[in-house]
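So this block is data.cif, mmCIF, C-alpha atoms:
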```cif
data_query
#
loop_
_atom_site.label_atom_id
_atom_site.label_comp_id
_atom_site.auth_asym_id
_atom_site.auth_seq_id
_atom_site.Cartn_x
_atom_site.Cartn_y
_atom_site.Cartn_z
CA MET N 1 24.54 -26.05 28.53
CA THR N 2 21.94 -26.75 31.21
CA SER N 3 18.24 -26.13 30.77
CA THR N 4 18.45 -23.07 33.01
CA GLN N 5 21.05 -21.36 30.82
CA SER N 6 20.10 -18.94 28.05
CA ALA N 7 21.48 -19.54 24.57
CA ASP N 8 22.55 -15.88 24.34
CA PRO N 9 22.49 -13.02 26.84
CA PRO N 10 19.56 -10.67 26.02
CA PHE N 11 21.87 -7.74 25.20
CA LEU N 12 23.29 -9.74 22.27
CA HIS N 13 19.86 -10.08 20.67
CA ALA N 14 19.28 -6.36 20.08
CA PRO N 15 22.18 -5.79 17.62
CA ARG N 16 21.23 -8.95 15.76
CA GLN N 17 17.61 -7.79 15.49
CA ARG N 18 18.66 -4.34 14.31
CA LEU N 19 20.88 -5.86 11.63
CA GLU N 20 18.11 -8.18 10.51
CA SER N 21 15.58 -5.33 10.42
CA ALA N 22 17.95 -3.19 8.36
CA ARG N 23 18.57 -6.05 5.93
CA TYR N 24 14.84 -6.61 5.54
CA LYS N 25 14.10 -2.93 4.91
CA VAL N 26 16.91 -2.64 2.36
CA GLN N 27 15.48 -5.69 0.58
CA GLN N 28 11.93 -4.29 0.46
CA HIS N 29 12.88 -0.73 -0.45
CA GLY N 30 15.17 -2.05 -3.17
CA LEU N 31 12.32 -4.06 -4.65
CA ALA N 32 9.97 -1.09 -4.37
CA VAL N 33 12.37 1.22 -6.22
CA GLY N 34 13.21 -1.28 -8.96
CA PHE N 35 9.66 -2.47 -9.54
CA GLY N 36 8.32 1.07 -9.13
CA VAL N 37 10.39 2.39 -12.05
CA PHE N 38 9.08 -0.43 -14.22
CA MET N 39 5.45 0.10 -13.18
CA ARG N 40 5.57 3.88 -13.71
CA ALA N 41 6.73 3.28 -17.28
CA PHE N 42 4.01 0.67 -17.73
CA HIS N 43 1.31 3.01 -16.39
CA TYR N 44 2.48 5.74 -18.76
CA MET N 45 2.17 3.36 -21.72
CA MET N 46 -1.30 2.31 -20.55
CA LYS N 47 -2.67 5.80 -19.82
CA PRO N 48 -0.27 8.54 -21.00
CA GLU N 49 -2.95 11.17 -20.36
CA HIS N 50 -3.01 10.45 -16.62
CA ARG N 51 -1.11 12.79 -14.36
CA ALA N 52 1.67 11.44 -12.15
CA PRO N 53 1.18 11.48 -8.37
CA THR N 54 2.27 14.62 -6.58
CA MET N 55 5.08 14.61 -4.03
CA PRO N 56 2.64 14.82 -1.06
CA GLU N 57 0.66 11.88 -2.48
CA LEU N 58 3.84 9.84 -2.87
CA MET N 59 4.93 10.72 0.67
CA ILE N 60 1.62 9.40 2.03
CA LEU N 61 2.07 6.14 0.14
CA ASN N 62 5.71 5.82 1.25
CA ARG N 63 4.75 6.40 4.88
CA ARG N 64 2.14 3.66 4.69
CA PHE N 65 4.73 1.39 3.05
CA ASP N 66 7.15 1.97 5.93
CA ASP N 67 4.34 1.26 8.41
CA ILE N 68 3.56 -2.15 6.94
CA LEU N 69 7.26 -3.09 7.01
CA GLU N 70 7.41 -2.16 10.69
CA ARG N 71 4.29 -4.21 11.36
CA ASP N 72 5.79 -7.19 9.52
CA LEU N 73 8.88 -7.02 11.74
CA GLN N 74 6.79 -6.62 14.89
CA ASN N 75 4.68 -9.65 13.99
CA VAL N 76 7.87 -11.72 13.86
CA ARG N 77 9.01 -10.34 17.22
CA ASP N 78 5.60 -11.26 18.65
CA GLY N 79 6.06 -14.85 17.46
CA LEU N 80 3.11 -14.76 15.05
CA TYR N 81 5.15 -16.20 12.19
CA PRO N 82 8.79 -17.21 11.66
CA ARG N 83 11.41 -14.63 10.66
CA GLU N 84 12.38 -16.77 7.67
CA MET N 85 9.23 -15.51 5.98
CA LEU N 86 10.70 -12.01 5.83
CA PHE N 87 13.27 -13.24 3.33
CA ASP N 88 11.21 -15.93 1.62
CA LEU N 89 11.41 -14.48 -1.88
CA PRO N 90 11.31 -17.11 -4.66
CA VAL N 91 13.87 -15.15 -6.65
CA THR N 92 14.98 -18.07 -8.80
CA SER N 93 11.49 -19.06 -9.90
CA PHE N 94 10.53 -15.40 -10.44
CA MET N 95 13.58 -14.81 -12.61
CA LYS N 96 12.65 -17.82 -14.71
CA VAL N 97 9.21 -16.45 -15.55
CA LEU N 98 10.10 -12.75 -15.72
CA PRO N 99 11.09 -12.90 -19.42
CA TYR N 100 7.68 -14.43 -20.20
CA ALA N 101 6.00 -11.63 -18.23
CA LEU N 102 7.88 -9.03 -20.29
CA VAL N 103 6.79 -10.74 -23.52
CA GLU N 104 3.18 -10.37 -22.33
CA LEU N 105 3.41 -6.56 -22.09
CA PRO N 106 2.61 -5.77 -25.76
CA ARG N 107 -0.36 -8.16 -25.60
CA ILE N 108 -1.65 -6.50 -22.44
CA LEU N 109 -1.30 -3.02 -23.94
CA ASN N 110 -3.05 -4.09 -27.12
CA ARG N 111 -5.88 -5.75 -25.19
CA ALA N 112 -6.37 -2.68 -23.02
CA ARG N 113 -6.50 -0.35 -26.01
CA ARG N 114 -9.06 -2.61 -27.72
CA LYS N 115 -10.98 -2.95 -24.42
CA ALA N 116 -11.07 -6.70 -25.05
CA PHE N 117 -12.38 -7.55 -21.61
CA ASP N 118 -13.63 -11.04 -22.64
CA ASP N 119 -10.61 -12.10 -24.72
CA LEU N 120 -10.48 -15.65 -23.33
CA PRO N 121 -9.27 -18.95 -24.82
CA ALA N 122 -11.70 -20.49 -27.31
CA ASP N 123 -11.93 -23.77 -25.38
CA VAL N 124 -13.27 -22.19 -22.17
CA GLN N 125 -16.57 -23.79 -21.16
CA ARG N 126 -18.26 -20.52 -20.31
CA GLN N 127 -21.39 -22.16 -18.90
CA ASN N 128 -19.28 -23.56 -16.04
CA TYR N 129 -18.36 -20.14 -14.64
CA PRO N 130 -20.18 -17.13 -13.20
CA GLU N 131 -20.60 -14.31 -15.70
CA TYR N 132 -18.47 -11.89 -13.66
CA TYR N 133 -15.53 -14.35 -13.79
CA LEU N 134 -15.35 -14.44 -17.60
CA ARG N 135 -13.08 -11.42 -17.94
CA THR N 136 -9.43 -10.60 -18.55
CA PHE N 137 -8.91 -9.06 -15.13
CA HIS N 138 -5.88 -6.71 -15.17
CA TRP N 139 -6.02 -7.18 -18.96
CA GLN N 140 -3.92 -10.30 -18.38
CA THR N 141 -3.75 -12.84 -21.17
CA ASP N 142 -6.41 -15.58 -20.83
CA GLY N 143 -7.87 -14.11 -17.63
CA TRP N 144 -7.72 -16.93 -15.07
CA MET N 145 -8.14 -19.56 -17.75
CA SER N 146 -4.71 -20.92 -18.68
CA GLU N 147 -1.54 -22.46 -17.33
CA ARG N 148 0.40 -19.47 -18.68
CA SER N 149 -1.72 -17.06 -16.65
CA ALA N 150 -1.21 -19.13 -13.48
CA ARG N 151 2.55 -19.31 -14.04
CA LEU N 152 2.87 -15.54 -14.44
CA TYR N 153 0.44 -14.44 -11.73
CA ASP N 154 2.71 -14.27 -8.68
CA VAL N 155 5.51 -12.34 -10.36
CA SER N 156 2.95 -9.98 -11.94
CA VAL N 157 1.40 -9.19 -8.55
CA GLU N 158 4.80 -8.58 -6.98
CA LEU N 159 5.62 -6.16 -9.79
CA LEU N 160 2.31 -4.36 -9.29
CA PHE N 161 2.82 -3.91 -5.53
CA GLY N 162 6.53 -3.14 -5.54
CA GLY N 163 7.56 -6.46 -4.03
CA ALA N 164 5.07 -6.12 -1.14
CA ALA N 165 2.40 -8.64 -2.22
CA ASP N 166 3.65 -11.34 0.16
CA VAL N 167 4.04 -8.74 2.91
CA MET N 168 0.39 -7.76 2.48
CA ARG N 169 -0.70 -11.41 2.45
CA ARG N 170 1.11 -11.94 5.77
CA MET N 171 -1.09 -9.32 7.43
CA THR N 172 -3.83 -11.98 7.34
CA LEU N 173 -1.85 -14.24 9.66
CA PRO N 174 -1.91 -12.43 13.05
CA PRO N 175 -5.68 -12.67 13.70
CA LEU N 176 -5.70 -16.19 12.24
CA VAL N 177 -2.77 -17.39 14.35
CA ARG N 178 -4.18 -15.86 17.53
CA ALA N 179 -7.52 -17.57 16.93
CA ILE N 180 -6.36 -21.13 16.18
CA LYS N 181 -2.74 -21.65 17.22
CA GLY N 182 -3.72 -23.43 20.44
CA MET N 183 -5.89 -25.97 18.62
CA THR N 184 -4.56 -29.48 18.09
CA ARG N 185 -5.55 -29.83 14.43
CA PRO N 186 -7.36 -26.71 13.22
CA GLN N 187 -9.04 -26.90 9.83
CA VAL N 188 -8.43 -23.82 7.69
CA LEU N 189 -10.13 -23.04 4.39
CA ASP N 190 -8.76 -20.42 1.99
CA VAL N 191 -11.42 -19.24 -0.48
CA ALA N 192 -10.11 -18.28 -3.93
CA CYS N 193 -6.70 -19.70 -3.01
CA GLY N 194 -5.22 -19.07 -6.48
CA THR N 195 -1.64 -20.30 -6.68
CA ALA N 196 -1.62 -20.96 -2.90
CA ARG N 197 0.99 -18.38 -1.90
CA PHE N 198 -1.07 -17.58 1.18
CA LEU N 199 -1.75 -21.22 2.09
CA ALA N 200 2.01 -21.78 1.99
CA GLN N 201 2.38 -18.92 4.50
CA VAL N 202 -0.30 -20.48 6.73
CA HIS N 203 1.65 -23.74 6.73
CA GLN N 204 4.82 -21.94 7.80
CA ALA N 205 3.05 -20.14 10.64
CA ILE N 206 0.75 -23.00 11.74
CA PRO N 207 2.33 -26.25 10.47
CA HIS N 208 -0.14 -28.43 12.40
CA ALA N 209 -3.18 -26.99 10.59
CA LYS N 210 -5.11 -29.05 8.07
CA LEU N 211 -5.36 -26.88 4.94
CA TYR N 212 -8.10 -26.62 2.34
CA GLY N 213 -8.25 -24.40 -0.73
CA VAL N 214 -11.04 -23.60 -3.17
CA ASP N 215 -10.62 -21.84 -6.51
CA LEU N 216 -12.57 -21.70 -9.77
CA SER N 217 -9.50 -22.03 -12.00
CA HIS N 218 -8.21 -25.56 -12.63
CA HIS N 219 -5.00 -24.02 -13.96
CA TYR N 220 -4.35 -22.02 -10.80
CA LEU N 221 -5.05 -25.09 -8.66
CA SER N 222 -2.51 -27.01 -10.72
CA GLN N 223 0.07 -24.34 -9.91
CA ALA N 224 -1.07 -24.40 -6.26
CA ARG N 225 -0.32 -28.12 -6.03
CA LYS N 226 3.27 -27.41 -7.07
CA VAL N 227 3.59 -24.61 -4.50
CA LEU N 228 2.23 -26.90 -1.76
CA ALA N 229 4.06 -30.06 -2.84
CA HIS N 230 5.99 -30.06 0.46
CA VAL N 231 2.83 -29.73 2.60
CA PRO N 232 1.20 -32.99 3.69
CA ASP N 233 -2.54 -33.62 3.54
CA VAL N 234 -3.80 -30.57 1.61
CA SER N 235 -7.22 -30.58 -0.05
CA LEU N 236 -7.66 -28.36 -3.13
CA LEU N 237 -11.04 -28.23 -4.88
CA SER N 238 -12.43 -26.36 -7.87
CA GLU N 239 -15.64 -24.54 -7.03
CA ALA N 240 -17.13 -21.07 -6.87
CA ALA N 241 -16.83 -19.11 -3.63
CA GLU N 242 -20.62 -18.69 -3.62
CA HIS N 243 -21.16 -22.48 -3.57
CA LEU N 244 -18.59 -24.00 -1.21
CA PRO N 245 -18.54 -27.83 -1.46
CA PHE N 246 -18.51 -28.48 2.29
CA GLU N 247 -20.98 -29.30 5.02
CA GLY N 248 -22.02 -26.63 7.49
CA ASN N 249 -20.11 -25.98 10.74
CA HIS N 250 -16.98 -27.66 9.38
CA PHE N 251 -14.04 -25.23 9.62
CA ASP N 252 -12.26 -23.53 12.50
CA ALA N 253 -11.16 -20.68 10.23
CA VAL N 254 -11.92 -19.34 6.76
CA THR N 255 -9.68 -16.85 4.96
CA SER N 256 -9.75 -14.98 1.68
CA VAL N 257 -7.05 -12.80 0.15
CA PHE N 258 -7.56 -10.35 -2.76
CA LEU N 259 -10.95 -11.80 -3.77
CA PHE N 260 -13.78 -9.40 -2.91
CA HIS N 261 -12.70 -6.48 -5.09
CA GLU N 262 -13.11 -8.75 -8.14
CA MET N 263 -16.76 -9.63 -7.41
CA PRO N 264 -20.02 -7.75 -7.82
CA ARG N 265 -21.86 -6.88 -4.63
CA ASP N 266 -24.36 -9.76 -4.76
CA ALA N 267 -21.53 -12.30 -5.19
CA ARG N 268 -19.69 -10.79 -2.21
CA ARG N 269 -22.77 -11.26 -0.02
CA ALA N 270 -23.34 -14.81 -1.30
CA THR N 271 -19.71 -15.67 -0.52
CA LEU N 272 -19.96 -14.27 3.00
CA ARG N 273 -23.11 -16.32 3.62
CA GLU N 274 -21.26 -19.45 2.49
CA MET N 275 -18.31 -18.64 4.75
CA PHE N 276 -20.74 -18.21 7.64
CA ARG N 277 -22.40 -21.55 6.85
CA VAL N 278 -19.22 -23.66 6.71
CA LEU N 279 -17.63 -22.12 9.83
CA LYS N 280 -18.07 -23.79 13.18
CA PRO N 281 -19.81 -21.68 15.82
CA GLY N 282 -17.07 -19.53 17.31
CA GLY N 283 -14.95 -19.93 14.17
CA VAL N 284 -13.03 -17.00 12.72
CA VAL N 285 -13.10 -15.47 9.25
CA VAL N 286 -10.23 -13.23 8.11
CA LEU N 287 -10.58 -11.16 4.94
CA ASN N 288 -7.64 -9.40 3.29
CA ASP N 289 -8.29 -7.14 0.33
CA SER N 290 -7.70 -3.68 -1.07
CA VAL N 291 -7.93 -0.76 1.31
CA GLN N 292 -11.28 1.06 0.96
CA LEU N 293 -12.01 4.76 0.77
CA SER N 294 -13.46 4.85 4.29
CA ASP N 295 -10.13 3.51 5.63
CA ALA N 296 -7.77 5.80 3.76
CA PRO N 297 -9.39 8.74 1.92
CA GLU N 298 -5.87 10.16 1.51
CA LEU N 299 -5.23 7.37 -1.05
CA GLU N 300 -8.07 8.47 -3.32
CA PHE N 301 -5.70 9.28 -6.21
CA PHE N 302 -4.12 5.81 -6.22
CA LEU N 303 -7.38 3.92 -5.63
CA GLY N 304 -9.12 5.81 -8.43
CA LYS N 305 -6.22 5.29 -10.81
CA PHE N 306 -6.13 1.53 -10.19
CA HIS N 307 -9.51 0.64 -11.65
CA GLU N 308 -9.05 3.12 -14.50
CA ILE N 309 -5.75 1.60 -15.66
CA TYR N 310 -6.51 -2.07 -15.00
CA HIS N 311 -9.62 -3.94 -15.97
CA GLU N 312 -11.30 -4.11 -12.54
CA PRO N 313 -15.01 -3.65 -13.28
CA TYR N 314 -16.19 -4.22 -9.69
CA TYR N 315 -13.48 -2.28 -7.90
CA LYS N 316 -15.31 1.06 -7.82
CA SER N 317 -18.30 -0.61 -6.17
CA TYR N 318 -16.00 -2.45 -3.76
CA LEU N 319 -14.38 0.79 -2.58
CA GLN N 320 -17.77 1.89 -1.21
CA ASP N 321 -18.86 -1.53 0.16
CA ASP N 322 -17.25 -1.62 3.61
CA LEU N 323 -16.11 -5.16 4.45
CA ALA N 324 -16.79 -4.88 8.18
CA THR N 325 -20.33 -3.68 7.51
CA ALA N 326 -20.90 -6.56 5.05
CA LEU N 327 -19.68 -9.06 7.66
CA ARG N 328 -22.05 -7.67 10.29
CA GLU N 329 -24.94 -7.81 7.84
CA THR N 330 -24.17 -11.51 7.29
CA GLY N 331 -24.30 -12.29 11.01
CA PHE N 332 -20.63 -12.14 11.96
CA SER N 333 -19.28 -10.33 15.00
CA VAL N 334 -16.39 -8.14 13.83
CA GLU N 335 -13.30 -8.30 16.06
CA THR N 336 -10.49 -6.40 14.33
CA GLU N 337 -10.05 -3.97 11.43
CA ASP N 338 -6.65 -2.91 10.17
CA SER N 339 -5.42 -0.82 7.23
CA LEU N 340 -1.78 -0.92 6.13
CA PHE N 341 -0.16 0.29 2.89
CA VAL N 342 -2.85 -0.48 0.27
CA THR N 343 -4.43 -3.46 2.02
CA LYS N 344 -6.99 -3.93 4.78
CA VAL N 345 -7.63 -6.91 7.04
CA VAL N 346 -10.89 -7.58 8.85
CA SER N 347 -11.43 -10.52 11.23
CA ALA N 348 -14.78 -11.64 12.61
CA ARG N 349 -16.40 -14.54 14.50
CA LYS N 350 -19.42 -16.68 13.86
CA PRO N 351 -21.43 -16.38 17.08
CA HIS N 352 -21.88 -19.50 19.21
CA ALA N 353 -25.63 -18.99 19.49
#
```
If you convert what's in this file into structure tokens, what do you get?
Amino acid sequence: MTSTQSADPPFLHAPRQRLESARYKVQQHGLAVGFGVFMRAFHYMMKPEHRAPTMPELMILNRRFDDILERDLQNVRDGLYPREMLFDLPVTSFMKVLPYALVELPRILNRARRKAFDDLPADVQRQNYPEYYLRTFHWQTDGWMSERSARLYDVSVELLFGGAADVMRRMTLPPLVRAIKGMTRPQVLDVACGTARFLAQVHQAIPHAKLYGVDLSHHYLSQARKVLAHVPDVSLLSEAAEHLPFEGNHFDAVTSVFLFHEMPRDARRATLREMFRVLKPGGVVVLNDSVQLSDAPELEFFLGKFHEIYHEPYYKSYLQDDLATALRETGFSVETEDSLFVTKVVSARKPHA
């Protein structure tokens, strides 16, 4: 084949794309149905007095779910990340830890009924952590403070979001890729990187980027090192988001996924100021977190139910604390805002001046 010849005529691509799209949607809807049955039973055990969502409320949620799947497919068509990511489900590793997650259920239910929000391991050095961090978020065993918690986190989040957690994380990539893909060796920092599921996605989309991650939990960073074992030259550090251990004007991009709803308002502002400080002039910040009431008032039932069922003490405040407004208050110039399914993504720049 010469360099002027196409690998396949264009008309052959359309059927292949349709088949791939159908396969992807079947995969995601299958996960949503299976995990949804489990989560509805779990929610009933947690709060049997709560009413179930009405059919119109479910239809709104389902429509938003379909929209994020379409966006995911379109992002692949636009070349923003590889199509392999659509089917990158660590089924084997999830199946290995699923029995342990099921064993945790009675402990979670018991902890929730006792309202044991600070039921943490006895060896935790509490003076080394911010007060807001010393909680059993989601009523999960050990909070963020054990290897067991880190091992179960990813499968727990996928269960919670009907198999769409990685899909929602990927919505962070388009503004990030557009901002830095042309750079020779962009430096990207993920704040509160957790088990590094998102940093692994960044590596797939932008393999030439130098990756950094910061998280307060040593146990989650240990799990992150396993997730990123195939990625060369990654720096993972343990530190609070409000005190980033880097010089100013250092990074081309800073990201954060699912962090801000678990912080009080003053910690959110302190974190944004630190992100502003460590970014180079012209650098981009991309925040991905829960959708807020101003974005989707039609989801009020689900958003209200979330912080009532799970231990999320700062979520109600977060729903009213618009991320784009907070970024502008910090000095950023907001570029994009997007709301899909139950997540929102806001990207902004640090001005050159």
List the neighbours of Lys305 in chain N out to 12 Å using all atoms listed in the file; skip same-chain residues closer than 5 positions along the sequence, and give me the result as a ChimeraX atom specification.
/N:43-44,46-47,49-53,299-300,310-312,315-316
Among listed residues N:Leu173, N:Ala179, N:Val334, N:Val254, nearest Cys193 in chain N (using all atoms listed in the file)
N:Val254
Take CA of Leu237 in chain N and CA of Tyr212 in chain N and report the distance between them in Å, one decimal.
8.0 Å
Using all atoms listed in the file, which residues of range 209-309 of chain N come within 10 Å of range 125-149 of chain N, and what is the closest atom pair for each, with the distance in Å to one decimal? Give it as CSV, sorted by chain and residue number.
```
residue,atom,partner,partner_atom,distance
N:Leu216,CA,N:Tyr129,CA,7.7
N:Ser217,CA,N:Trp144,CA,6.2
N:His218,CA,N:Met145,CA,7.9
N:His219,CA,N:Glu147,CA,5.1
N:Tyr220,CA,N:Glu147,CA,7.1
N:Leu221,CA,N:Glu147,CA,9.7
N:Ser222,CA,N:Glu147,CA,8.1
N:Gln223,CA,N:Glu147,CA,7.8
N:Glu239,CA,N:Tyr129,CA,9.2
N:Ala240,CA,N:Tyr129,CA,7.9
N:Glu242,CA,N:Pro130,CA,9.7
N:Glu262,CA,N:Phe137,CA,8.2
N:Met263,CA,N:Tyr132,CA,6.9
N:Pro264,CA,N:Tyr132,CA,7.3
N:Ala267,CA,N:Tyr132,CA,9.0
N:Phe306,CA,N:His138,CA,9.6
N:His307,CA,N:His138,CA,8.9
N:Ile309,CA,N:His138,CA,8.3
```
Between CA of Leu279 in chain N and CA of Leu211 in chain N - distance in Å to one decimal:
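If I compute the distance from CA of Leu211 in chain N to CA of Leu279 in chain N, I get 14.0 Å.
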Taking the file as shown, find all residues satisfying the PyMOL selection byres ((chain N and resi 331) around 9) and write them as a list of chain:residue names.
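The output of the PyMOL selection byres ((chain N and resi 331) around 9) on this file is N:Arg273, N:Phe276, N:Ala326, N:Leu327, N:Arg328, N:Glu329, N:Thr330, N:Phe332, N:Ser333, N:Arg349, N:Lys350, N:Pro351.
Here CA of Pro106 in chain N and CA of Phe38 in chain N stand 14.3 Å from one another.
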Distance query 8 Å from (-7.3, -14.2, -0.6) using all atoms listed in the file, result as a list of chain:residue names:
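So the residues meeting the distance criterion are N:Arg169, N:Asp190, N:Val191, N:Ala192, N:Cys193, N:Gly194, N:Phe198, N:Thr255, N:Ser256, N:Val257, N:Phe258, N:Leu259, N:Leu287, N:Asn288, N:Asp289.
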Looking at all atoms listed in the file, which of N:Ala164, N:Val278, N:Ala324, N:Val291 is the one that sits closest to Lys25 in chain N?
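Checking each of N:Ala164, N:Val278, N:Ala324, N:Val291 against Lys25 in chain N, counting all atoms listed in the file, the winner is N:Ala164.
Counting all atoms listed in the file and comparing N:Leu189, N:Ala348, N:Leu80, N:Pro175, the residue that lies closest to Asp215 in chain N is N:Leu189.
Residues matched by the PyMOL selection byres ((chain N and resi 230-232) around 10) in this file: Leu199, Ala200, His203, Gln204, Pro207, His208, Lys210, Leu211, Arg225, Lys226, Val227, Leu228, Ala229, Asp233, Val234 and Ser235 of chain N.
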I need the chosen residues saved as an mmCIF file, in the frame of the given file, with C-alpha atoms.
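What ended up in again-v4.cif:
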```cif
data_model
loop_
_atom_site.group_PDB
_atom_site.id
_atom_site.type_symbol
_atom_site.label_atom_id
_atom_site.label_comp_id
_atom_site.auth_asym_id
_atom_site.auth_seq_id
_atom_site.Cartn_x
_atom_site.Cartn_y
_atom_site.Cartn_z
ATOM 1 C CA LEU N 199 -1.750 -21.220 2.090
ATOM 2 C CA ALA N 200 2.010 -21.780 1.990
ATOM 3 C CA HIS N 203 1.650 -23.740 6.730
ATOM 4 C CA GLN N 204 4.820 -21.940 7.800
ATOM 5 C CA PRO N 207 2.330 -26.250 10.470
ATOM 6 C CA HIS N 208 -0.140 -28.430 12.400
ATOM 7 C CA LYS N 210 -5.110 -29.050 8.070
ATOM 8 C CA LEU N 211 -5.360 -26.880 4.940
ATOM 9 C CA ARG N 225 -0.320 -28.120 -6.030
ATOM 10 C CA LYS N 226 3.270 -27.410 -7.070
ATOM 11 C CA VAL N 227 3.590 -24.610 -4.500
ATOM 12 C CA LEU N 228 2.230 -26.900 -1.760
ATOM 13 C CA ALA N 229 4.060 -30.060 -2.840
ATOM 14 C CA ASP N 233 -2.540 -33.620 3.540
ATOM 15 C CA VAL N 234 -3.800 -30.570 1.610
ATOM 16 C CA SER N 235 -7.220 -30.580 -0.050
#
```
Applied to the shown file, which residues does the PyMOL selection byres ((chain N and resi 341) around 10) return, written as a PDB file with C-alpha atoms, keeping the file's coordinate frame?
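Done, and the output landed in out-v1.pdb:
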```pdb
ATOM      1  CA  ILE N  60       1.620   9.400   2.030  1.00  0.00           C
ATOM      2  CA  LEU N  61       2.070   6.140   0.140  1.00  0.00           C
ATOM      3  CA  ASN N  62       5.710   5.820   1.250  1.00  0.00           C
ATOM      4  CA  ARG N  63       4.750   6.400   4.880  1.00  0.00           C
ATOM      5  CA  ARG N  64       2.140   3.660   4.690  1.00  0.00           C
ATOM      6  CA  PHE N  65       4.730   1.390   3.050  1.00  0.00           C
ATOM      7  CA  ASP N  66       7.150   1.970   5.930  1.00  0.00           C
ATOM      8  CA  ASP N  67       4.340   1.260   8.410  1.00  0.00           C
ATOM      9  CA  ILE N  68       3.560  -2.150   6.940  1.00  0.00           C
ATOM     10  CA  LEU N  69       7.260  -3.090   7.010  1.00  0.00           C
ATOM     11  CA  PHE N 161       2.820  -3.910  -5.530  1.00  0.00           C
ATOM     12  CA  ALA N 164       5.070  -6.120  -1.140  1.00  0.00           C
ATOM     13  CA  VAL N 167       4.040  -8.740   2.910  1.00  0.00           C
ATOM     14  CA  MET N 168       0.390  -7.760   2.480  1.00  0.00           C
ATOM     15  CA  SER N 290      -7.700  -3.680  -1.070  1.00  0.00           C
ATOM     16  CA  VAL N 291      -7.930  -0.760   1.310  1.00  0.00           C
ATOM     17  CA  ALA N 296      -7.770   5.800   3.760  1.00  0.00           C
ATOM     18  CA  LEU N 299      -5.230   7.370  -1.050  1.00  0.00           C
ATOM     19  CA  SER N 339      -5.420  -0.820   7.230  1.00  0.00           C
ATOM     20  CA  LEU N 340      -1.780  -0.920   6.130  1.00  0.00           C
ATOM     21  CA  VAL N 342      -2.850  -0.480   0.270  1.00  0.00           C
ATOM     22  CA  THR N 343      -4.430  -3.460   2.020  1.00  0.00           C
ATOM     23  CA  LYS N 344      -6.990  -3.930   4.780  1.00  0.00           C
TER      24      LYS N 344
END
```
Filled-in N, CA and C atoms of range 63-75 of chain N, supplied as a PDB file, in the frame of the given file:
```pdb
ATOM      1  N   ARG N  63       4.902   6.542   3.426  1.00  0.00           N
ATOM      2  CA  ARG N  63       4.750   6.400   4.880  1.00  0.00           C
ATOM      3  C   ARG N  63       3.960   5.133   5.223  1.00  0.00           C
ATOM      4  N   ARG N  64       2.921   4.869   4.450  1.00  0.00           N
ATOM      5  CA  ARG N  64       2.140   3.660   4.690  1.00  0.00           C
ATOM      6  C   ARG N  64       2.964   2.407   4.357  1.00  0.00           C
ATOM      7  N   PHE N  65       3.835   2.507   3.376  1.00  0.00           N
ATOM      8  CA  PHE N  65       4.730   1.390   3.050  1.00  0.00           C
ATOM      9  C   PHE N  65       5.676   1.110   4.215  1.00  0.00           C
ATOM     10  N   ASP N  66       6.266   2.158   4.778  1.00  0.00           N
ATOM     11  CA  ASP N  66       7.150   1.970   5.930  1.00  0.00           C
ATOM     12  C   ASP N  66       6.396   1.373   7.116  1.00  0.00           C
ATOM     13  N   ASP N  67       5.136   1.774   7.287  1.00  0.00           N
ATOM     14  CA  ASP N  67       4.340   1.260   8.410  1.00  0.00           C
ATOM     15  C   ASP N  67       4.093  -0.239   8.291  1.00  0.00           C
ATOM     16  N   ILE N  68       3.830  -0.716   7.072  1.00  0.00           N
ATOM     17  CA  ILE N  68       3.560  -2.150   6.940  1.00  0.00           C
ATOM     18  C   ILE N  68       4.846  -2.959   7.127  1.00  0.00           C
ATOM     19  N   LEU N  69       5.992  -2.400   6.750  1.00  0.00           N
ATOM     20  CA  LEU N  69       7.260  -3.090   7.010  1.00  0.00           C
ATOM     21  C   LEU N  69       7.521  -3.190   8.500  1.00  0.00           C
ATOM     22  N   GLU N  70       7.242  -2.128   9.238  1.00  0.00           N
ATOM     23  CA  GLU N  70       7.410  -2.160  10.690  1.00  0.00           C
ATOM     24  C   GLU N  70       6.468  -3.184  11.324  1.00  0.00           C
ATOM     25  N   ARG N  71       5.241  -3.234  10.826  1.00  0.00           N
ATOM     26  CA  ARG N  71       4.290  -4.210  11.360  1.00  0.00           C
ATOM     27  C   ARG N  71       4.758  -5.639  11.079  1.00  0.00           C
ATOM     28  N   ASP N  72       5.283  -5.869   9.889  1.00  0.00           N
ATOM     29  CA  ASP N  72       5.790  -7.190   9.520  1.00  0.00           C
ATOM     30  C   ASP N  72       6.879  -7.623  10.502  1.00  0.00           C
ATOM     31  N   LEU N  73       7.806  -6.718  10.792  1.00  0.00           N
ATOM     32  CA  LEU N  73       8.880  -7.020  11.740  1.00  0.00           C
ATOM     33  C   LEU N  73       8.325  -7.263  13.140  1.00  0.00           C
ATOM     34  N   GLN N  74       7.356  -6.462  13.556  1.00  0.00           N
ATOM     35  CA  GLN N  74       6.790  -6.620  14.890  1.00  0.00           C
ATOM     36  C   GLN N  74       6.037  -7.951  15.018  1.00  0.00           C
ATOM     37  N   ASN N  75       5.374  -8.361  13.959  1.00  0.00           N
ATOM     38  CA  ASN N  75       4.680  -9.650  13.990  1.00  0.00           C
ATOM     39  C   ASN N  75       5.651 -10.801  14.220  1.00  0.00           C
TER      40      ASN N  75
END
```
